[in-house]
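**Student:** I'd like to ask some things about the structure below.
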Amino acid sequence: MTAPILPLDSLKQRADGDALLARFGRDLNLALIVGDGDLDWLVEIERGVVVRVTKGPLVMPQSDLRLRAASETWARFLEPVPPPGYHDLFAMRRYRRIQIEGDIRLMSAYLFYIKRLFAMLRPGEGQA
Amino acid sequence: MSTPGTHTEPIVGRYLNLELLGRAHRLYVEEAGQGIPLVCLHTAGADARQWRHLLNDAEVTQHFRVLAFDLPWHGKSNPPDGWHNEEYRLTTAGYTEIIRIFCRALELDKPVVMGCSIGGRIVLNLAIKHAAEFRALIGLEAADFQSPWYDTSWLNRPDVHGGEVCAALVSGLMAPQSPEVTRQESLWHYMQSGPGIFKGDLYFYRVDGDLRGQVGDIDTRVCPLFLLTGEYDFSCTPQDTLRTVEQIPGAEVTVMEQLGHFPMSENPEQFRRYIFPVLEKIRKLPAG
């Protein structure tokens with residue numbers, strides 16, 4: 001079993017100042033749980049800005065949206081050129097590799113933002 | 001004297017006025033080239049701009065008269081008068097009639113039809129029902145049926161921006177290797193679609209156009225059939241296309257590497273590698 005792999009501890013730095021997140025995240029307030037295997041992270045976004053990222057274990061967190069996948073799946077998602085079926089959140093959903101729960105209206109309205117946020121976790125993305 | 005860097009493309013755009021489905025329509029048509037008529041059908045919720053690279057490809061247009069029209073309600077084709085009183089829905093019968101009447105109106109002699117996604121699905125219906133009218137048929141990202149991967153009700157709601165959600169959903173259908181510029185251009189088409197049009201097209205794709213149990217009737221001796229699907233397409237997966245082809249003796253299938261659901265627009269250079277051999281085969285088909 002692969003250990004948790006998503007570099008969420010650096011998400012705030014990666015996302016800070018990103019033009020696309022600023023464009024598509026207007027007025028977005030979101031408490032997002034990201035599950036990486038058994039490890040949950042809480043990502044808090046206010047007016048489109050990632051303001052806090054908290055590493056689990058989390059005790060009864062309030063959240064709007066929860067995206068959880070096995071660490072093996074995230075490992076392939078993070079590859080510079082991900083293989084088919086691992087290259088997009090909905091591709092992963094299509095093949096039942098990710099669980100998406102919560103406020104689907106909010107996710108639909110801000111889908112570009114959410115996809116961009118996850119793409120920024122790939123090596124080299126959003127890093128100086 | 002022209003300004004350096006400027007040039008005019010060989011594509012010509014015109015408006016074709018004709019009656020479709022019992023109503024007057026004004027259809028926008030682009031074309032380029034001479035030779036075998038090749039009618040290109042765009043994907044759901046988009047328009048014929050997807051074909052601009054093929055229309056501009058001199059190696060294609062020296063042998064083919066390439067035509068691409070915007071479906072009614074799409075691109076620069078107006079919806080019919082009274083559109084504001086109805087909800088748009090594409091049907092199998094209606095889509096089939098539009099293509100056949102378009103070909104007859106322009107007096108195309110046994111055209112080739114190439115369609116992508118919903119265009120690929122309807123190509124299968126043309127092969128089932130009207131094969132003798134066509135020289136060859138090409139389905140891109142085509143299958144007899146595909147499993148839904150999202151709820152289409154999210155595509156047209158007052159509280160979710162339709163242009164952004166439609167484009168964001170389909171953004172993942174493209175291959176990561178496709179160039180950023182052509183990927184973004186492909187998404188721009190989706191951002192510009194009219195409200196509810198993508199959803200209305202998917203009524204055909206998801207509900208009315210289920211061709212399971214019918215593709216076995218296709219006779220490729222009457223009309224050759226070529227199916228090509230990108231490896232990154234998770235809407236019409238390569239498995240969907242391969243399952244379809246297994247039921248059609250004589251149909252040719254290709255899984256295209258480093259391409260997704262929009263091969264002609266997301267990565268035109270990569271698409272050429274796959275479509276040229278098909279067009280060459282079609283050129284060598286006996287006339288009549």
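The way I read the labels, and the way they are meant: chains A, B, ... in the order of the structure tokens, residue 1 as the first residue of every chain, and ligand 1 as the first ligand shown, with later ones counted on from there.
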In range 112-266 of chain B, what's alpha helix (DSSP H) per DSSP? Answer as number ranges by chain?

**Tutor:** B: 118-129, 162-171, 180-192, 197-202, 238-245, 263-266

**Student:** Got a sec: who's within 9 Å of range 40-55 of chain A, counting only C-alpha atoms, leaving out chain neighbours fewer than 3 positions off, as an mmCIF file with N, CA and C atoms, in the first residue's frame?

**Tutor:**
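Below is the file that was written, part-v1.cif:
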```cif
data_model
loop_
_atom_site.group_PDB
_atom_site.id
_atom_site.type_symbol
_atom_site.label_atom_id
_atom_site.label_comp_id
_atom_site.auth_asym_id
_atom_site.auth_seq_id
_atom_site.Cartn_x
_atom_site.Cartn_y
_atom_site.Cartn_z
ATOM 1 N N LEU A 8 0.007 18.359 0.026
ATOM 2 C CA LEU A 8 -0.935 19.405 0.426
ATOM 3 C C LEU A 8 -0.328 20.396 1.420
ATOM 4 N N ASP A 9 0.758 19.983 2.085
ATOM 5 C CA ASP A 9 1.396 20.922 3.016
ATOM 6 C C ASP A 9 1.951 22.140 2.274
ATOM 7 N N SER A 10 2.180 22.001 0.960
ATOM 8 C CA SER A 10 2.696 23.143 0.192
ATOM 9 C C SER A 10 1.616 23.784 -0.694
ATOM 10 N N LEU A 11 0.354 23.351 -0.543
ATOM 11 C CA LEU A 11 -0.696 23.851 -1.443
ATOM 12 C C LEU A 11 -0.883 25.366 -1.327
ATOM 13 N N LYS A 12 -0.854 25.842 -0.114
ATOM 14 C CA LYS A 12 -1.088 27.276 0.091
ATOM 15 C C LYS A 12 -0.046 28.094 -0.685
ATOM 16 N N GLN A 13 1.217 27.674 -0.603
ATOM 17 C CA GLN A 13 2.281 28.388 -1.311
ATOM 18 C C GLN A 13 2.116 28.240 -2.833
ATOM 19 N N ALA A 15 -0.611 27.773 -4.495
ATOM 20 C CA ALA A 15 -1.805 28.444 -5.012
ATOM 21 C C ALA A 15 -1.706 29.965 -4.923
ATOM 22 N N ASP A 16 -0.857 30.430 -4.034
ATOM 23 C CA ASP A 16 -0.781 31.869 -3.777
ATOM 24 C C ASP A 16 -0.373 32.626 -5.048
ATOM 25 N N GLY A 17 -1.202 33.560 -5.461
ATOM 26 C CA GLY A 17 -0.868 34.397 -6.610
ATOM 27 C C GLY A 17 -1.161 33.782 -7.960
ATOM 28 N N LEU A 21 -6.530 30.634 -10.589
ATOM 29 C CA LEU A 21 -7.318 30.459 -9.364
ATOM 30 C C LEU A 21 -8.010 31.771 -8.993
ATOM 31 N N ALA A 22 -7.302 32.874 -9.174
ATOM 32 C CA ALA A 22 -7.904 34.175 -8.853
ATOM 33 C C ALA A 22 -9.086 34.450 -9.779
ATOM 34 N N ARG A 23 -8.944 34.064 -11.048
ATOM 35 C CA ARG A 23 -10.000 34.336 -12.033
ATOM 36 C C ARG A 23 -11.226 33.478 -11.775
ATOM 37 N N PHE A 24 -11.006 32.187 -11.567
ATOM 38 C CA PHE A 24 -12.150 31.277 -11.455
ATOM 39 C C PHE A 24 -12.652 31.132 -10.016
ATOM 40 N N GLY A 25 -11.928 31.666 -9.069
ATOM 41 C CA GLY A 25 -12.322 31.475 -7.670
ATOM 42 C C GLY A 25 -13.066 32.655 -7.081
ATOM 43 N N ARG A 26 -13.486 33.576 -7.942
ATOM 44 C CA ARG A 26 -14.139 34.777 -7.405
ATOM 45 C C ARG A 26 -15.334 34.386 -6.531
ATOM 46 N N ASP A 27 -15.351 34.938 -5.341
ATOM 47 C CA ASP A 27 -16.442 34.750 -4.369
ATOM 48 C C ASP A 27 -16.567 33.324 -3.831
ATOM 49 N N LEU A 28 -15.551 32.498 -4.022
ATOM 50 C CA LEU A 28 -15.651 31.113 -3.549
ATOM 51 C C LEU A 28 -15.243 30.988 -2.080
ATOM 52 N N ASN A 29 -16.150 30.473 -1.283
ATOM 53 C CA ASN A 29 -15.823 30.059 0.087
ATOM 54 C C ASN A 29 -16.069 28.556 0.166
ATOM 55 N N LEU A 30 -15.059 27.816 0.562
ATOM 56 C CA LEU A 30 -15.152 26.355 0.473
ATOM 57 C C LEU A 30 -14.307 25.697 1.560
ATOM 58 N N ALA A 31 -14.928 24.757 2.252
ATOM 59 C CA ALA A 31 -14.176 23.880 3.148
ATOM 60 C C ALA A 31 -14.109 22.521 2.459
ATOM 61 N N LEU A 32 -12.915 22.168 2.020
ATOM 62 C CA LEU A 32 -12.710 20.990 1.173
ATOM 63 C C LEU A 32 -11.887 19.947 1.921
ATOM 64 N N ILE A 33 -12.421 18.740 1.994
ATOM 65 C CA ILE A 33 -11.628 17.644 2.558
ATOM 66 C C ILE A 33 -11.044 16.836 1.406
ATOM 67 N N VAL A 34 -9.746 16.622 1.456
ATOM 68 C CA VAL A 34 -9.068 15.804 0.459
ATOM 69 C C VAL A 34 -8.561 14.557 1.157
ATOM 70 N N GLY A 35 -9.015 13.418 0.704
ATOM 71 C CA GLY A 35 -8.582 12.159 1.287
ATOM 72 C C GLY A 35 -7.501 11.518 0.444
ATOM 73 N N ASP A 36 -6.362 11.248 1.068
ATOM 74 C CA ASP A 36 -5.222 10.612 0.402
ATOM 75 C C ASP A 36 -5.002 9.291 1.138
ATOM 76 N N GLY A 37 -5.633 8.221 0.633
ATOM 77 C CA GLY A 37 -5.632 6.981 1.403
ATOM 78 C C GLY A 37 -6.369 7.202 2.715
ATOM 79 N N LEU A 58 -8.464 14.587 11.477
ATOM 80 C CA LEU A 58 -9.366 15.701 11.734
ATOM 81 C C LEU A 58 -10.482 15.217 12.659
ATOM 82 N N PRO A 61 -14.686 17.526 11.315
ATOM 83 C CA PRO A 61 -14.571 18.805 10.601
ATOM 84 C C PRO A 61 -15.857 19.142 9.839
ATOM 85 N N SER A 63 -17.416 20.486 6.506
ATOM 86 C CA SER A 63 -16.893 20.587 5.139
ATOM 87 C C SER A 63 -18.038 20.727 4.150
ATOM 88 N N ARG A 68 -11.987 11.938 -2.123
ATOM 89 C CA ARG A 68 -11.091 10.960 -1.517
ATOM 90 C C ARG A 68 -10.734 9.870 -2.533
ATOM 91 N N TYR A 113 -11.841 25.972 -10.998
ATOM 92 C CA TYR A 113 -11.003 26.280 -9.830
ATOM 93 C C TYR A 113 -10.536 24.987 -9.173
#
```

**Student:** Give as a list in words every residue of chain B that touches chain A within 8 Å, counting only C-alpha atoms.

**Tutor:**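 Residues satisfying the distance criterion: Trp149, Trp154, Asp159, Val160, His161, Glu164, Val165, Ala168, Leu169, Gly172, Leu173, Ala175, Pro176, Gln177, Glu231, Tyr232, Asp233 and Phe234 of chain B.
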
**Student:** Record the distance separating CA of Leu78 in chain A and CA of Gly102 in chain A, expressed in Å with one decimal.

**Tutor:**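 Answer for the CA of Leu78 in chain A to CA of Gly102 in chain A separation: 23.7 Å.
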
**Student:** Would you mind reading off the distance between CA of Arg89 in chain B and CA of Gly139 in chain B, one decimal, in Å?

**Tutor:**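 Value for the CA of Arg89 in chain B-CA of Gly139 in chain B distance: 21.7 Å.
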
**Student:** Give me, as a ChimeraX atom specification, all polymer residues having an atom no more than 8 Å from range 216-221 of chain B, counting only C-alpha atoms and skipping those fewer than 4 positions away in the same chain.

**Tutor:** /B:127-128,131,225,247-251

**Student:** Output the selection as a CSV table (one decimal), in the first residue's frame - N, CA and C atoms for each residue.

**Tutor:**
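The result, stored in out_20.csv:
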```csv
chain,number,residue,atom,x,y,z
B,127,ALA,N,-24.8,4.8,-41.1
B,127,ALA,CA,-24.4,3.5,-41.6
B,127,ALA,C,-25.5,2.4,-41.5
B,128,ILE,N,-26.2,2.5,-40.5
B,128,ILE,CA,-27.3,1.5,-40.3
B,128,ILE,C,-28.4,1.8,-41.3
B,131,ALA,N,-26.7,3.8,-45.6
B,131,ALA,CA,-25.3,3.6,-46.1
B,131,ALA,C,-25.1,3.8,-47.5
B,225,LEU,N,-16.6,1.8,-43.2
B,225,LEU,CA,-16.8,2.5,-41.9
B,225,LEU,C,-15.5,2.5,-41.2
B,247,GLN,N,-19.0,-5.8,-33.3
B,247,GLN,CA,-20.4,-6.2,-33.9
B,247,GLN,C,-20.5,-5.8,-35.4
B,248,ILE,N,-19.5,-5.2,-36.0
B,248,ILE,CA,-19.6,-4.7,-37.3
B,248,ILE,C,-18.5,-5.3,-38.2
B,249,PRO,N,-18.8,-6.4,-38.9
B,249,PRO,CA,-17.8,-7.0,-39.8
B,249,PRO,C,-17.3,-6.0,-40.8
B,250,GLY,N,-15.9,-5.9,-40.9
B,250,GLY,CA,-15.4,-5.1,-42.0
B,250,GLY,C,-15.1,-3.7,-41.5
B,251,ALA,N,-15.6,-3.3,-40.3
B,251,ALA,CA,-15.3,-1.9,-39.9
B,251,ALA,C,-13.8,-1.8,-39.4
```

**Student:** Could you check how far CA of Tyr203 in chain B sits from CA of Lys110 in chain B, in Å to one decimal?

**Tutor:**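 A separation of 29.0 Å between them.
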
**Student:** What's the 9 Å shell around His25 in chain B, counting only C-alpha atoms, without same-chain residues fewer than 3 positions away, as a list in words?

**Tutor:**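 In the requested format, the answer is Leu16, Asn17, Leu18, Glu19, Leu20, Pro72, Ser77, Asn78, Pro79, Pro80 and Asp81 of chain B.
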
**Student:** Which one is closest to Gly115 in chain B: B:Met256, B:Leu137, B:Val60, B:Val222? Count only C-alpha atoms.

**Tutor:**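 Between B:Met256, B:Leu137, B:Val60, B:Val222, the residue approaching Gly115 in chain B most closely is B:Leu137.
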
**Student:** My list of candidates is A:Leu67, A:Ala75, A:Ile98, A:Met120. Which is closest to Pro4 in chain A when distances are computed with only C-alpha atoms?

**Tutor:**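 Using only C-alpha atoms, Pro4 in chain A sits closest to A:Ala75.
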
**Student:** Between B:Val12, B:Val253, B:Cys236, B:Ala46, which residue has the minimum interatomic distance to Phe145 in chain B, considering only C-alpha atoms?

**Tutor:**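 Checking each candidate against Phe145 in chain B, we get B:Cys236 as the closest.
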
**Student:** Need to verify the contact set: Ile118 in chain B, 6 Å, only C-alpha atoms, exclusion of same-chain residues closer than 2 positions in sequence. Can you return it as a PyMOL selection string?

**Tutor:** chain B and resi 43-44+120-121

**Student:** With N, CA and C atoms retained, could you export that selection as a compact mmCIF listing (two decimals), in the first residue's frame?

**Tutor:**
```txt
# COMPACT_ATOMS: atom_id res chain seq x y z
N THR B 43 -18.88 18.36 -32.35
CA THR B 43 -19.32 17.67 -31.13
C THR B 43 -20.50 18.42 -30.50
N ALA B 44 -21.07 17.83 -29.47
CA ALA B 44 -22.19 18.44 -28.75
C ALA B 44 -21.75 19.74 -28.10
N GLY B 120 -20.08 11.35 -34.23
CA GLY B 120 -19.65 9.97 -34.43
C GLY B 120 -20.81 9.00 -34.23
N ARG B 121 -21.64 9.30 -33.23
CA ARG B 121 -22.80 8.43 -32.98
C ARG B 121 -23.75 8.47 -34.18
```

**Student:** Select from range 22-201 of chain B everything DSSP, run on the backbone, classes as strand (DSSP E or B), then give the selection as a PyMOL selection string.

**Tutor:** chain B and resi 23-32+36-41+64-69+112-116+136-140+157+160

**Student:** The selected residues should be written to file as a PDB file, in the first residue's frame (atoms: C-alpha atoms).

**Tutor:**
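Output below, filename part_22.pdb:
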```
ATOM      1  CA  ARG B  23     -39.107  24.870 -40.339  1.00  0.00           C
ATOM      2  CA  ALA B  24     -37.044  27.489 -42.110  1.00  0.00           C
ATOM      3  CA  HIS B  25     -33.393  27.485 -41.077  1.00  0.00           C
ATOM      4  CA  ARG B  26     -30.329  29.600 -41.789  1.00  0.00           C
ATOM      5  CA  LEU B  27     -27.321  27.335 -41.585  1.00  0.00           C
ATOM      6  CA  TYR B  28     -23.724  28.537 -41.437  1.00  0.00           C
ATOM      7  CA  VAL B  29     -21.381  26.483 -43.608  1.00  0.00           C
ATOM      8  CA  GLU B  30     -17.627  26.678 -44.066  1.00  0.00           C
ATOM      9  CA  GLU B  31     -15.801  24.940 -46.863  1.00  0.00           C
ATOM     10  CA  ALA B  32     -12.458  24.627 -48.556  1.00  0.00           C
ATOM     11  CA  ILE B  36     -14.487  14.224 -52.852  1.00  0.00           C
ATOM     12  CA  PRO B  37     -17.069  15.908 -50.609  1.00  0.00           C
ATOM     13  CA  LEU B  38     -16.150  15.436 -46.944  1.00  0.00           C
ATOM     14  CA  VAL B  39     -18.839  16.656 -44.525  1.00  0.00           C
ATOM     15  CA  CYS B  40     -17.584  17.206 -40.966  1.00  0.00           C
ATOM     16  CA  LEU B  41     -19.861  17.153 -37.921  1.00  0.00           C
ATOM     17  CA  PHE B  64     -11.332  16.710 -50.714  1.00  0.00           C
ATOM     18  CA  ARG B  65     -14.001  19.402 -50.697  1.00  0.00           C
ATOM     19  CA  VAL B  66     -14.228  19.761 -46.929  1.00  0.00           C
ATOM     20  CA  LEU B  67     -17.506  21.167 -45.592  1.00  0.00           C
ATOM     21  CA  ALA B  68     -18.377  21.865 -41.966  1.00  0.00           C
ATOM     22  CA  PHE B  69     -21.678  23.354 -40.850  1.00  0.00           C
ATOM     23  CA  VAL B 112     -17.926  11.096 -46.971  1.00  0.00           C
ATOM     24  CA  VAL B 113     -19.280  12.059 -43.549  1.00  0.00           C
ATOM     25  CA  MET B 114     -16.935  12.358 -40.591  1.00  0.00           C
ATOM     26  CA  GLY B 115     -18.431  13.159 -37.200  1.00  0.00           C
ATOM     27  CA  CYS B 116     -17.026  13.438 -33.714  1.00  0.00           C
ATOM     28  CA  ALA B 136     -17.489   6.249 -46.638  1.00  0.00           C
ATOM     29  CA  LEU B 137     -18.256   7.085 -43.025  1.00  0.00           C
ATOM     30  CA  ILE B 138     -15.819   8.069 -40.299  1.00  0.00           C
ATOM     31  CA  GLY B 139     -16.767   8.076 -36.617  1.00  0.00           C
ATOM     32  CA  LEU B 140     -14.433   9.817 -34.185  1.00  0.00           C
ATOM     33  CA  ARG B 157     -29.098  26.051 -14.269  1.00  0.00           C
ATOM     34  CA  VAL B 160     -24.251  27.668 -12.226  1.00  0.00           C
TER      35      VAL B 160
END
```
